[in-house]
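Enquirer: You'll find my_file06.cif just under this line, and it carries mmCIF, C-alpha atoms and all ligand atoms.
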data_structure
loop_
_atom_site.label_atom_id
_atom_site.label_comp_id
_atom_site.auth_asym_id
_atom_site.auth_seq_id
_atom_site.Cartn_x
_atom_site.Cartn_y
_atom_site.Cartn_z
CA MET M 1 -21.54 1.58 -2.68
CA ALA M 2 -18.65 2.29 -5.00
CA PRO M 3 -16.72 5.53 -4.68
CA SER M 4 -17.91 7.74 -7.50
CA LEU M 5 -17.39 11.27 -8.51
CA PRO M 6 -19.68 13.24 -6.28
CA GLN M 7 -21.35 15.41 -8.87
CA ASP M 8 -24.22 12.94 -9.37
CA GLU M 9 -25.50 13.31 -5.85
CA GLU M 10 -24.71 17.03 -5.91
CA ALA M 11 -26.89 17.54 -8.97
CA PRO M 12 -27.79 21.20 -9.33
CA SER M 13 -31.22 21.70 -7.90
CA THR M 14 -31.15 25.11 -6.30
CA ARG M 15 -31.83 28.35 -8.09
CA ASN M 16 -31.87 31.97 -7.15
CA GLY M 17 -34.55 33.29 -9.41
CA SER M 18 -33.44 32.29 -12.89
CA LYS M 19 -29.83 31.81 -11.82
CA ARG M 20 -28.59 28.37 -10.86
CA ILE M 21 -26.57 28.17 -7.65
CA VAL M 22 -23.55 26.03 -8.41
CA PRO M 23 -22.79 23.55 -5.62
CA SER M 24 -19.50 23.93 -3.79
CA ARG M 25 -16.63 21.83 -5.02
CA LEU M 26 -15.37 21.64 -1.43
CA TYR M 27 -16.49 20.13 1.83
CA GLU M 28 -17.12 22.74 4.50
CA ILE M 29 -14.75 22.40 7.41
CA ASP M 30 -17.33 23.87 9.79
CA LYS M 31 -20.05 21.44 8.74
CA ALA M 32 -19.62 17.94 10.18
CA PRO M 33 -20.08 15.08 7.70
CA SER M 34 -23.21 12.99 8.10
CA PHE M 35 -22.70 10.57 10.98
CA THR M 36 -25.92 8.78 10.02
CA GLN M 37 -24.63 8.11 6.52
CA PHE M 38 -21.32 6.91 7.96
CA THR M 39 -22.90 4.43 10.36
CA LYS M 40 -25.22 3.19 7.63
CA LEU M 41 -22.20 2.28 5.51
CA CYS M 42 -20.28 0.75 8.39
CA THR M 43 -23.09 -1.50 9.58
CA GLN M 44 -23.16 -3.48 6.34
CA THR M 45 -22.57 -7.22 6.59
CA GLN M 46 -20.38 -8.91 4.05
CA ASN M 47 -22.08 -11.81 2.30
CA PRO M 48 -19.56 -14.72 2.16
CA ASP M 49 -20.98 -15.84 -1.19
CA ASP M 50 -19.76 -12.64 -2.81
CA TYR M 51 -16.13 -13.77 -2.74
CA PRO M 52 -16.08 -17.42 -3.76
CA LEU M 53 -12.28 -17.71 -3.80
CA SER M 54 -11.94 -16.58 -0.19
CA ASP M 55 -11.54 -19.12 2.57
CA SER M 56 -13.74 -17.36 5.03
CA ILE M 57 -15.14 -13.99 5.99
CA VAL M 58 -14.25 -13.18 9.59
CA THR M 59 -15.82 -10.11 11.16
CA ASN M 60 -16.48 -8.83 7.64
CA ILE M 61 -12.84 -9.31 6.54
CA PRO M 62 -12.31 -11.73 3.63
CA VAL M 63 -9.47 -14.18 4.32
CA TYR M 64 -7.65 -15.95 1.48
CA ASP M 65 -5.33 -18.92 1.95
CA LEU M 66 -2.81 -18.48 -0.86
CA SER M 67 -1.33 -21.94 -0.31
CA LYS M 68 -4.44 -23.28 -2.08
CA TYR M 69 -3.65 -21.51 -5.32
CA ASN M 70 -1.21 -22.30 -8.09
CA ILE M 71 0.26 -18.96 -8.97
CA SER M 72 1.17 -20.03 -12.49
CA GLU M 73 -2.52 -20.34 -13.37
CA THR M 74 -3.09 -16.94 -14.91
CA SER M 75 -6.86 -17.20 -14.86
CA ILE M 76 -6.91 -17.89 -11.11
CA ALA M 77 -4.62 -14.93 -10.43
CA SER M 78 -6.88 -12.71 -12.49
CA SER M 79 -10.02 -13.95 -10.72
CA LEU M 80 -8.39 -13.30 -7.34
CA GLN M 81 -7.51 -9.79 -8.52
CA ASP M 82 -11.14 -9.19 -9.50
CA GLU M 83 -12.26 -10.13 -6.00
CA TRP M 84 -9.52 -8.08 -4.29
CA PHE M 85 -10.25 -5.03 -6.43
CA GLU M 86 -13.92 -5.12 -5.53
CA ILE M 87 -13.22 -5.70 -1.83
CA LEU M 88 -10.88 -2.71 -1.73
CA ARG M 89 -13.09 -0.42 -3.75
CA SER M 90 -16.67 -1.14 -2.86
CA GLY M 91 -16.55 -4.00 -0.34
CA PRO M 92 -15.16 -4.10 3.21
CA GLY M 93 -11.91 -2.38 2.10
CA VAL M 94 -9.53 -4.90 3.69
CA LEU M 95 -8.42 -8.47 3.02
CA VAL M 96 -6.05 -10.93 4.67
CA LEU M 97 -3.73 -13.14 2.62
CA LYS M 98 -2.64 -16.17 4.62
CA ASN M 99 0.69 -17.72 3.59
CA PHE M 100 1.71 -14.66 1.59
CA GLU M 101 5.36 -15.48 2.33
CA THR M 102 5.88 -19.12 3.26
CA ASP M 103 9.66 -19.10 3.68
CA SER M 104 9.95 -18.44 7.40
CA SER M 105 13.74 -18.72 7.32
CA LEU M 106 13.80 -15.84 4.81
CA LEU M 107 11.68 -13.74 7.17
CA HIS M 108 13.93 -14.54 10.13
CA ARG M 109 16.97 -13.60 8.08
CA ILE M 110 15.36 -10.32 7.03
CA ASN M 111 14.44 -9.62 10.65
CA GLU M 112 18.16 -9.83 11.45
CA VAL M 113 18.85 -7.36 8.65
CA PHE M 114 16.20 -5.03 10.09
CA ASP M 115 17.79 -5.38 13.55
CA GLU M 116 21.17 -4.41 12.09
CA ILE M 117 19.64 -1.33 10.46
CA ILE M 118 17.84 -0.36 13.69
CA SER M 119 21.07 -0.75 15.70
CA LYS M 120 22.93 1.43 13.20
CA GLU M 121 20.27 4.11 13.42
CA GLU M 122 19.91 4.04 17.19
CA GLY M 123 20.78 7.32 18.80
CA ALA M 124 19.32 9.44 16.04
CA SER M 125 17.42 11.77 18.33
CA SER M 126 14.87 12.99 15.81
CA LYS M 127 13.36 9.59 15.14
CA GLY M 128 9.81 8.72 15.99
CA ASP M 129 6.71 8.15 13.98
CA HIS M 130 3.36 9.73 13.36
CA PHE M 131 1.72 8.21 16.39
CA ALA M 132 4.34 7.07 18.87
CA ALA M 133 7.03 9.00 20.66
CA ALA M 134 10.65 8.16 19.88
CA GLY M 135 11.80 5.08 21.80
CA LYS M 136 8.39 3.44 22.24
CA ASN M 137 8.52 1.64 18.92
CA SER M 138 11.30 0.66 16.57
CA ARG M 139 10.75 2.16 13.17
CA ILE M 140 12.75 1.94 9.95
CA TRP M 141 11.73 4.58 7.47
CA ASN M 142 12.36 3.54 3.87
CA SER M 143 13.10 -0.05 4.85
CA PHE M 144 12.71 -0.79 1.14
CA GLN M 145 15.91 0.93 0.05
CA LYS M 146 17.84 0.27 3.25
CA HIS M 147 17.10 -3.46 2.97
CA ALA M 148 18.25 -3.48 -0.67
CA LEU M 149 21.53 -1.83 0.24
CA GLN M 150 22.11 -3.93 3.38
CA ASP M 151 21.36 -7.43 2.05
CA PRO M 152 20.51 -7.64 -1.67
CA ASP M 153 20.09 -11.43 -1.74
CA SER M 154 17.27 -11.52 0.82
CA PHE M 155 15.81 -8.32 -0.65
CA VAL M 156 15.53 -9.85 -4.14
CA GLU M 157 14.05 -13.07 -2.74
CA TYR M 158 11.48 -11.12 -0.68
CA TYR M 159 10.40 -8.60 -3.30
CA SER M 160 10.26 -11.20 -6.06
CA ASN M 161 7.16 -12.60 -4.36
CA PRO M 162 4.63 -12.86 -7.21
CA TRP M 163 1.72 -12.41 -4.77
CA LEU M 164 2.99 -8.92 -4.04
CA ALA M 165 2.91 -8.02 -7.73
CA ILE M 166 -0.55 -9.58 -8.10
CA ALA M 167 -1.93 -7.58 -5.17
CA CYS M 168 -0.35 -4.32 -6.38
CA GLU M 169 -1.55 -4.84 -9.91
CA ALA M 170 -5.11 -5.54 -8.74
CA TRP M 171 -5.42 -2.04 -7.23
CA LEU M 172 -2.85 0.07 -9.10
CA GLY M 173 -2.21 -1.60 -12.44
CA PRO M 174 1.17 -2.81 -13.68
CA ALA M 175 3.25 0.31 -12.87
CA TYR M 176 3.77 1.33 -9.25
CA GLN M 177 6.41 2.33 -6.71
CA VAL M 178 6.90 0.21 -3.62
CA THR M 179 7.82 1.95 -0.40
CA ALA M 180 8.11 0.16 2.94
CA GLN M 181 8.55 1.00 6.60
CA VAL M 182 9.30 -1.44 9.41
CA ASN M 183 7.32 -1.03 12.61
CA ILE M 184 8.11 -3.05 15.71
CA VAL M 185 5.75 -2.46 18.61
CA LYS M 186 7.10 -3.61 21.93
CA PRO M 187 5.05 -5.12 24.79
CA GLY M 188 3.02 -2.35 26.38
CA GLY M 189 3.00 -0.35 23.13
CA ALA M 190 -0.03 1.96 23.02
CA PRO M 191 -2.73 1.84 20.34
CA GLN M 192 -2.85 4.40 17.56
CA ASN M 193 -5.69 6.81 17.11
CA PRO M 194 -7.95 5.84 14.21
CA HIS M 195 -7.02 7.55 10.99
CA ARG M 196 -6.90 7.37 7.23
CA ASP M 197 -3.60 7.17 5.38
CA TYR M 198 -1.65 8.97 2.69
CA HIS M 199 -2.35 11.18 0.71
CA LEU M 200 -5.11 13.24 2.30
CA GLY M 201 -4.86 11.34 5.58
CA PHE M 202 -1.51 13.02 6.15
CA GLN M 203 -2.86 16.55 5.87
CA THR M 204 -4.36 18.82 8.46
CA ALA M 205 -8.13 19.14 8.32
CA GLU M 206 -7.69 22.65 6.92
CA SER M 207 -5.37 21.53 4.11
CA CYS M 208 -7.56 18.57 3.34
CA ALA M 209 -10.63 20.78 3.05
CA ALA M 210 -8.94 22.76 0.29
CA PHE M 211 -8.96 19.74 -2.03
CA PRO M 212 -12.12 19.35 -4.13
CA LYS M 213 -14.48 16.42 -3.68
CA SER M 214 -13.07 14.58 -6.69
CA MET M 215 -9.58 14.55 -5.13
CA GLN M 216 -11.04 13.23 -1.86
CA ILE M 217 -12.00 10.16 -3.89
CA ALA M 218 -8.81 10.09 -5.98
CA SER M 219 -6.60 10.00 -2.89
CA GLN M 220 -7.72 6.51 -1.98
CA LEU M 221 -7.14 5.20 -5.50
CA LEU M 222 -3.50 6.24 -5.66
CA THR M 223 -2.07 4.04 -2.92
CA LEU M 224 -2.35 0.45 -1.75
CA GLN M 225 -1.67 -0.02 1.93
CA GLY M 226 -0.35 -3.34 3.21
CA ALA M 227 1.57 -5.07 5.94
CA VAL M 228 3.52 -8.32 6.06
CA ALA M 229 3.67 -10.00 9.46
CA HIS M 230 7.32 -10.46 10.41
CA SER M 231 6.35 -12.02 13.74
CA GLU M 232 3.42 -13.97 15.06
CA MET M 233 0.61 -11.50 15.72
CA PRO M 234 -1.93 -12.96 18.13
CA LEU M 235 -4.85 -10.74 18.98
CA ASP M 236 -3.35 -9.66 22.29
CA SER M 237 -0.29 -8.29 20.45
CA GLY M 238 -2.55 -5.72 18.78
CA PRO M 239 -2.67 -6.39 15.02
CA THR M 240 -4.16 -3.50 13.05
CA ARG M 241 -7.73 -2.55 13.90
CA PHE M 242 -10.06 -1.86 10.98
CA LEU M 243 -13.52 -0.43 10.46
CA PRO M 244 -14.79 -2.35 7.41
CA PHE M 245 -16.64 -0.37 4.74
CA SER M 246 -15.50 3.00 6.15
CA GLN M 247 -13.49 3.71 2.98
CA GLN M 248 -16.82 4.08 1.20
CA PHE M 249 -17.61 7.25 3.12
CA GLU M 250 -16.71 9.98 0.66
CA GLU M 251 -16.27 12.67 3.32
CA GLY M 252 -14.10 10.37 5.41
CA TYR M 253 -10.94 12.50 5.21
CA MET M 254 -12.94 15.30 6.81
CA ALA M 255 -14.44 13.00 9.45
CA TRP M 256 -11.78 10.86 11.08
CA ARG M 257 -10.56 13.53 13.50
CA LEU M 258 -14.04 14.25 14.85
CA SER M 259 -14.86 12.78 18.26
CA GLU M 260 -18.15 11.19 17.22
CA PHE M 261 -16.47 9.25 14.41
CA LYS M 262 -13.47 8.32 16.58
CA GLN M 263 -15.76 6.96 19.26
CA TYR M 264 -17.65 4.92 16.68
CA PHE M 265 -14.35 3.41 15.60
CA GLU M 266 -13.41 2.59 19.20
CA ASP M 267 -16.76 0.83 19.67
CA HIS M 268 -16.80 -1.13 16.41
CA TRP M 269 -13.29 -1.94 15.18
CA VAL M 270 -12.34 -5.48 14.25
CA SER M 271 -8.97 -7.15 14.06
CA LEU M 272 -7.65 -10.52 12.95
CA PRO M 273 -4.64 -12.44 14.28
CA LEU M 274 -1.87 -12.99 11.75
CA ASN M 275 0.83 -15.63 11.54
CA LEU M 276 4.39 -15.02 10.45
CA GLY M 277 4.31 -14.41 6.68
CA ASP M 278 0.63 -13.52 6.42
CA ALA M 279 -0.21 -10.19 4.82
CA VAL M 280 -3.05 -7.75 5.02
CA PHE M 281 -3.90 -5.23 2.29
CA PHE M 282 -6.33 -2.37 2.65
CA ASN M 283 -7.68 0.75 1.05
CA PRO M 284 -5.79 3.73 2.53
CA ALA M 285 -9.11 5.47 3.14
CA LEU M 286 -10.25 2.72 5.50
CA PHE M 287 -10.43 3.92 9.11
CA HIS M 288 -7.75 1.92 10.93
CA ALA M 289 -5.30 2.02 13.83
CA ALA M 290 -2.52 -0.16 15.18
CA GLY M 291 -3.64 -2.00 18.30
CA GLU M 292 -2.27 -2.10 21.81
CA ASN M 293 0.37 -4.72 22.53
CA HIS M 294 -0.74 -6.58 25.66
CA SER M 295 1.42 -9.60 24.85
CA GLN M 296 5.02 -10.40 25.73
CA LEU M 297 5.96 -10.44 22.02
CA ASP M 298 7.47 -7.74 19.88
CA ARG M 299 4.87 -7.23 17.13
CA SER M 300 6.82 -6.74 13.93
CA ALA M 301 5.47 -5.71 10.52
CA ASN M 302 6.91 -4.52 7.27
CA LEU M 303 4.38 -1.89 6.27
CA LEU M 304 3.98 -1.62 2.53
CA GLN M 305 2.78 1.59 0.99
CA ILE M 306 2.62 1.10 -2.73
CA SER M 307 2.05 4.14 -4.86
CA SER M 308 0.36 4.35 -8.22
CA ALA M 309 2.67 5.49 -11.00
CA PHE M 310 0.17 8.34 -11.36
CA GLY M 311 0.72 9.57 -7.82
CA LYS M 312 3.62 10.78 -5.71
CA PRO M 313 4.99 8.20 -3.25
CA MET M 314 5.43 9.20 0.37
CA GLU M 315 9.16 8.45 0.33
CA THR M 316 11.85 9.07 -2.25
CA ILE M 317 13.41 5.86 -3.53
CA ASP M 318 16.77 5.74 -5.27
CA ASN M 319 16.02 3.08 -7.86
CA LEU M 320 19.48 3.35 -9.37
CA ALA M 321 21.18 2.49 -6.07
CA ILE M 322 18.83 -0.47 -5.56
CA ILE M 323 19.30 -1.83 -9.08
CA LYS M 324 23.07 -1.43 -8.79
CA ASN M 325 23.25 -3.27 -5.49
CA CYS M 326 20.78 -6.01 -6.43
CA TRP M 327 21.84 -6.66 -10.03
CA GLY M 328 23.90 -9.77 -9.22
CA ALA M 329 21.10 -11.31 -7.13
CA LEU M 330 18.48 -10.48 -9.76
CA LYS M 331 20.58 -12.03 -12.52
CA ARG M 332 21.03 -15.19 -10.45
CA LEU M 333 17.26 -15.38 -9.94
CA ASN M 334 16.75 -14.90 -13.68
CA SER M 335 19.24 -17.64 -14.52
CA GLU M 336 17.46 -20.23 -12.37
CA GLY M 337 14.84 -20.69 -15.08
CA GLY M 338 11.13 -21.18 -14.51
CA ARG M 339 10.96 -18.17 -12.20
CA ASP M 340 9.66 -15.62 -14.67
CA ARG M 341 6.90 -14.47 -12.33
CA GLU M 342 9.42 -13.85 -9.55
CA VAL M 343 11.74 -11.92 -11.88
CA ASP M 344 8.82 -9.90 -13.16
CA ALA M 345 7.66 -9.07 -9.62
CA CYS M 346 11.12 -7.98 -8.55
CA VAL M 347 11.71 -5.77 -11.60
CA ARG M 348 8.35 -4.07 -11.07
CA ALA M 349 9.31 -3.42 -7.46
CA ILE M 350 12.76 -1.92 -8.12
CA ALA M 351 12.46 -0.14 -11.46
CA SER M 352 9.91 2.46 -12.49
CA GLY M 353 7.44 0.99 -14.94
CA TYR M 354 6.24 4.42 -15.99
CA PRO M 355 8.37 6.74 -18.13
CA PHE M 356 6.90 10.06 -16.99
CA PRO M 357 7.73 12.77 -16.00
CA THR M 358 10.43 12.95 -18.61
CA ASN M 359 12.09 15.34 -21.03
CA LEU M 360 10.59 14.75 -24.46
CA ASP M 361 13.34 16.72 -26.23
CA ARG M 362 15.90 14.21 -25.06
CA ARG M 363 13.60 11.17 -24.79
CA PRO M 364 11.09 11.33 -27.62
CA PRO M 365 8.70 8.39 -27.94
CA ALA M 366 9.81 5.68 -30.34
CA PRO M 367 8.27 6.07 -33.82
CA GLY M 368 4.64 5.02 -33.66
CA GLY M 369 4.67 5.02 -29.86
CA MET M 370 3.24 7.41 -27.30
CA ALA M 371 5.85 7.05 -24.57
CA PRO M 372 9.59 6.60 -24.23
CA CYS M 373 10.86 3.43 -22.57
CA SER M 374 10.69 3.06 -18.80
CA GLU M 375 13.37 1.92 -16.37
CA ALA M 376 11.61 -1.43 -16.19
CA ASP M 377 11.81 -1.80 -19.99
CA VAL M 378 15.56 -1.22 -19.77
CA VAL M 379 15.96 -3.73 -16.95
CA PHE M 380 13.95 -6.45 -18.70
CA GLY M 381 16.09 -5.99 -21.83
CA ALA M 382 19.28 -5.97 -19.79
CA LEU M 383 18.34 -9.26 -18.11
CA GLN M 384 17.68 -10.86 -21.49
CA GLU M 385 21.09 -9.79 -22.72
CA ASP M 386 22.86 -10.57 -19.44
CA TRP M 387 24.33 -7.10 -19.02
CA THR M 388 27.02 -6.33 -16.47
CA THR M 389 26.25 -4.17 -13.45
CA ASP M 390 28.16 -1.25 -14.97
CA ARG M 391 26.21 -1.42 -18.19
CA VAL M 392 22.75 -1.54 -16.61
CA VAL M 393 23.69 1.22 -14.16
CA GLU M 394 24.87 3.40 -17.04
CA ALA M 395 21.64 2.78 -18.96
CA ILE M 396 19.35 3.55 -16.00
CA GLN M 397 21.44 6.61 -15.17
CA LYS M 398 20.94 7.80 -18.74
CA VAL M 399 17.16 7.33 -18.46
CA GLN M 400 17.16 9.37 -15.25
CA THR M 401 19.46 12.20 -16.36
CA ASP M 402 17.86 12.48 -19.79
CA SER M 403 14.48 12.80 -18.06
CA LEU M 404 15.58 15.90 -16.16
CA ALA M 405 14.37 19.29 -17.32
FE FE M 501 -2.12 4.06 9.01
#
Can you turn what I pasted into structure tokens?
Expert:
Amino acid sequence: MAPSLPQDEEAPSTRNGSKRIVPSRLYEIDKAPSFTQFTKLCTQTQNPDDYPLSDSIVTNIPVYDLSKYNISETSIASSLQDEWFEILRSGPGVLVLKNFETDSSLLHRINEVFDEIISKEEGASSKGDHFAAAGKNSRIWNSFQKHALQDPDSFVEYYSNPWLAIACEAWLGPAYQVTAQVNIVKPGGAPQNPHRDYHLGFQTAESCAAFPKSMQIASQLLTLQGAVAHSEMPLDSGPTRFLPFSQQFEEGYMAWRLSEFKQYFEDHWVSLPLNLGDAVFFNPALFHAAGENHSQLDRSANLLQISSAFGKPMETIDNLAIIKNCWGALKRLNSEGGRDREVDACVRAIASGYPFPTNLDRRPPAPGGMAPCSEADVVFGALQEDWTTDRVVEAIQKVQTDSLA
């Protein structure tokens, strides 16, 4: 069942005399969502024939081996995107991409960069995360920007991964903002409680209930949730637990805190082992939870939270600082030739591809156009003309300051 605006099923049918009673736009916080409807959705079985490009369907999760595909074949990339879009929207809501990043030495190098950042930040007493007390896990908030500033060469190599751009584009279209957070769960690390993610997943039940039914659907369309395995993740290390199809439950943001729904998750979750460099992407409305680490390994993931250009990201990213620090590495990548897809992926990750909000007095659309140029437009042009760091920084700065009110 595809998420749809709820008015169809809420068709006006009640009347008080001659006056129609308009249905509420809101879910009632005191009225529990239908558990029967929820379990009906979550007991679906994924037909393997529905996703012919997948390698297998394991416990209802489609698994793709990207090493089988030639990324330069545009039609294959587009067909994969069609499958991924449907899985995320109206299928199981989660997919695994094996061999997402095949350069293990790059991942090891980046892990060292992450360790340096963690060491630098150690001692900050306020750190912790949503679900674990400070000190139980290692967490880097905004690993995206910190990585760019710490080691631009490995950052550009990592975020120029065309598969990342293909996955983002499948769910969000060509303009989006990457944010990332590193999470390292040590042996003995406890499991998370099941939950939904940003936006409405990060609100109290009371705040969530104030958003109309249409926004309860919109929330899941504005973010793509992902994770890249930066370590081996055998099952006993506790890779993320998922409840396939649960994103289809329209009242899910009102349900995940309720004990009946939590217990159902505990009884029915599934999880797949990941190898170093594999990735998982999922709909942020899917019920999920990090698992318990029973192994002797540190379970390490770079969590990707990619925001639609039409939404507000969870973290603020200083694109200008990233572009400034990475310009040399990006120009080197561009000069290698034959790596257009990688350059394109990296530019989309580090520069805004969407020109709004802006100031239309200072940045009117070009004649005949509807929108002024975006940061990404500037960066693509600057690469073509081999601009210096100072010149591209000045141009991006101008875009940003001219966009202010
Ligand atoms: Fe989460």
Enquirer: So which residues touch M:Ile217 within 10 Å, counting all atoms listed in the file, skipping near sequence neighbours fewer than 2 positions away, as a list in words?
Expert: Pro3, Ser4, Leu5, Pro6, Leu200, Pro212, Lys213, Ser214, Met215, Ser219, Gln220, Leu221, Leu222, Gln247, Gln248, Phe249, Glu250, Glu251, Gly252, Tyr253 and Ala285 of chain M
Enquirer: If you measure from atom CA of M:Gly311 to atom CA of M:Glu206, what distance in Å do you get, rounded to one decimal?
Expert: 21.4 Å
Enquirer: Can you pull out every residue with an atom within 10 Å of ligand FE 501 (chain M)? Use only C-alpha atoms and all ligand atoms and format it as a ChimeraX atom specification.
Expert: /M:130-131,192-198,201-202,225-226,240-241,282,284-290,303,305
Enquirer: Between atom CA of M:Ser207 and atom CA of M:Phe38, what distance in Å does the model show, to one decimal?
Expert: 22.0 Å
Enquirer: Can you tell me, as number ranges by chain, what residues are no more than 10 Å from stretch 155-160 of chain M when counting only C-alpha atoms, ignoring any on the same chain fewer than 5 positions away?
Expert: M: 101, 103, 106-107, 110, 113, 144-150, 165, 178, 322, 326-330, 332-333, 339-350
Enquirer: Can you write out the residues you just picked, keeping C-alpha atoms, as a PDB file, keeping the file's coordinate frame?
Expert:
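Ended up saving to again_10.pdb:
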ATOM      1  CA  GLU M 101       5.360 -15.480   2.330  1.00  0.00           C
ATOM      2  CA  ASP M 103       9.660 -19.100   3.680  1.00  0.00           C
ATOM      3  CA  LEU M 106      13.800 -15.840   4.810  1.00  0.00           C
ATOM      4  CA  LEU M 107      11.680 -13.740   7.170  1.00  0.00           C
ATOM      5  CA  ILE M 110      15.360 -10.320   7.030  1.00  0.00           C
ATOM      6  CA  VAL M 113      18.850  -7.360   8.650  1.00  0.00           C
ATOM      7  CA  PHE M 144      12.710  -0.790   1.140  1.00  0.00           C
ATOM      8  CA  GLN M 145      15.910   0.930   0.050  1.00  0.00           C
ATOM      9  CA  LYS M 146      17.840   0.270   3.250  1.00  0.00           C
ATOM     10  CA  HIS M 147      17.100  -3.460   2.970  1.00  0.00           C
ATOM     11  CA  ALA M 148      18.250  -3.480  -0.670  1.00  0.00           C
ATOM     12  CA  LEU M 149      21.530  -1.830   0.240  1.00  0.00           C
ATOM     13  CA  GLN M 150      22.110  -3.930   3.380  1.00  0.00           C
ATOM     14  CA  ALA M 165       2.910  -8.020  -7.730  1.00  0.00           C
ATOM     15  CA  VAL M 178       6.900   0.210  -3.620  1.00  0.00           C
ATOM     16  CA  ILE M 322      18.830  -0.470  -5.560  1.00  0.00           C
ATOM     17  CA  CYS M 326      20.780  -6.010  -6.430  1.00  0.00           C
ATOM     18  CA  TRP M 327      21.840  -6.660 -10.030  1.00  0.00           C
ATOM     19  CA  GLY M 328      23.900  -9.770  -9.220  1.00  0.00           C
ATOM     20  CA  ALA M 329      21.100 -11.310  -7.130  1.00  0.00           C
ATOM     21  CA  LEU M 330      18.480 -10.480  -9.760  1.00  0.00           C
ATOM     22  CA  ARG M 332      21.030 -15.190 -10.450  1.00  0.00           C
ATOM     23  CA  LEU M 333      17.260 -15.380  -9.940  1.00  0.00           C
ATOM     24  CA  ARG M 339      10.960 -18.170 -12.200  1.00  0.00           C
ATOM     25  CA  ASP M 340       9.660 -15.620 -14.670  1.00  0.00           C
ATOM     26  CA  ARG M 341       6.900 -14.470 -12.330  1.00  0.00           C
ATOM     27  CA  GLU M 342       9.420 -13.850  -9.550  1.00  0.00           C
ATOM     28  CA  VAL M 343      11.740 -11.920 -11.880  1.00  0.00           C
ATOM     29  CA  ASP M 344       8.820  -9.900 -13.160  1.00  0.00           C
ATOM     30  CA  ALA M 345       7.660  -9.070  -9.620  1.00  0.00           C
ATOM     31  CA  CYS M 346      11.120  -7.980  -8.550  1.00  0.00           C
ATOM     32  CA  VAL M 347      11.710  -5.770 -11.600  1.00  0.00           C
ATOM     33  CA  ARG M 348       8.350  -4.070 -11.070  1.00  0.00           C
ATOM     34  CA  ALA M 349       9.310  -3.420  -7.460  1.00  0.00           C
ATOM     35  CA  ILE M 350      12.760  -1.920  -8.120  1.00  0.00           C
TER      36      ILE M 350
END
Enquirer: Atom CA of M:Asp377 and atom CA of M:Ala279 are how many Å apart?
Expert: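 A separation of 28.8 Å between them.
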Enquirer: Using only C-alpha atoms, which of M:Thr401, M:Ser78, M:Lys68, M:Glu394 sits nearest M:Asp55?
Expert: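 Among M:Thr401, M:Ser78, M:Lys68, M:Glu394, it is M:Lys68 that comes nearest to M:Asp55.
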Enquirer: Determine, counting only C-alpha atoms, which protein, DNA and RNA residues have an atom within 12 Å of an atom of M:Ile118; residues of the same chain fewer than 3 positions away are not included. Present the result as a JSON list (two decimals) with C-alpha atoms, in the frame of the given file.
Expert:
[["chain", "number", "residue", "atom", "x", "y", "z"],
["M", 111, "ASN", "CA", 14.44, -9.62, 10.65],
["M", 112, "GLU", "CA", 18.16, -9.83, 11.45],
["M", 113, "VAL", "CA", 18.85, -7.36, 8.65],
["M", 114, "PHE", "CA", 16.20, -5.03, 10.09],
["M", 115, "ASP", "CA", 17.79, -5.38, 13.55],
["M", 121, "GLU", "CA", 20.27, 4.11, 13.42],
["M", 122, "GLU", "CA", 19.91, 4.04, 17.19],
["M", 123, "GLY", "CA", 20.78, 7.32, 18.80],
["M", 124, "ALA", "CA", 19.32, 9.44, 16.04],
["M", 127, "LYS", "CA", 13.36, 9.59, 15.14],
["M", 135, "GLY", "CA", 11.80, 5.08, 21.80],
["M", 137, "ASN", "CA", 8.52, 1.64, 18.92],
["M", 138, "SER", "CA", 11.30, 0.66, 16.57],
["M", 139, "ARG", "CA", 10.75, 2.16, 13.17],
["M", 140, "ILE", "CA", 12.75, 1.94, 9.95],
["M", 141, "TRP", "CA", 11.73, 4.58, 7.47],
["M", 142, "ASN", "CA", 12.36, 3.54, 3.87],
["M", 143, "SER", "CA", 13.10, -0.05, 4.85],
["M", 146, "LYS", "CA", 17.84, 0.27, 3.25],
["M", 147, "HIS", "CA", 17.10, -3.46, 2.97],
["M", 150, "GLN", "CA", 22.11, -3.93, 3.38],
["M", 181, "GLN", "CA", 8.55, 1.00, 6.60],
["M", 182, "VAL", "CA", 9.30, -1.44, 9.41],
["M", 183, "ASN", "CA", 7.32, -1.03, 12.61],
["M", 184, "ILE", "CA", 8.11, -3.05, 15.71]]
Enquirer: Distance table requested - stretch 119-197 of chain M against stretch 232-238 of chain M, cut-off 10 Å, all atoms listed in the file: one row per qualifying residue with the closest atom pair and its distance in Å to one decimal, ordered by chain and rising residue number, as CSV.
Expert:
residue,atom,partner,partner_atom,distance
M:Val185,CA,M:Ser237,CA,8.6
M:Lys186,CA,M:Ser237,CA,8.9
M:Pro187,CA,M:Ser237,CA,7.6
M:Gly188,CA,M:Ser237,CA,9.0
M:Gly189,CA,M:Gly238,CA,8.9
M:Ala190,CA,M:Gly238,CA,9.1
M:Pro191,CA,M:Gly238,CA,7.7
Enquirer: Extract, using all atoms listed in the file, all DNA, RNA and protein residues at most 12 Å from M:Gln397, discarding same-chain residues fewer than 6 positions from it, and format them as a tab-separated table (two decimals) with C-alpha atoms, in the coordinates of the input.
Expert:
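Below is the file that was written, result11.tsv:
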chain	number	residue	atom	x	y	z
M	318	ASP	CA	16.77	5.74	-5.27
M	319	ASN	CA	16.02	3.08	-7.86
M	320	LEU	CA	19.48	3.35	-9.37
M	321	ALA	CA	21.18	2.49	-6.07
M	323	ILE	CA	19.30	-1.83	-9.08
M	324	LYS	CA	23.07	-1.43	-8.79
M	351	ALA	CA	12.46	-0.14	-11.46
M	374	SER	CA	10.69	3.06	-18.80
M	375	GLU	CA	13.37	1.92	-16.37
M	378	VAL	CA	15.56	-1.22	-19.77
M	379	VAL	CA	15.96	-3.73	-16.95
M	389	THR	CA	26.25	-4.17	-13.45
M	390	ASP	CA	28.16	-1.25	-14.97
M	391	ARG	CA	26.21	-1.42	-18.19
M	403	SER	CA	14.48	12.80	-18.06
M	404	LEU	CA	15.58	15.90	-16.16
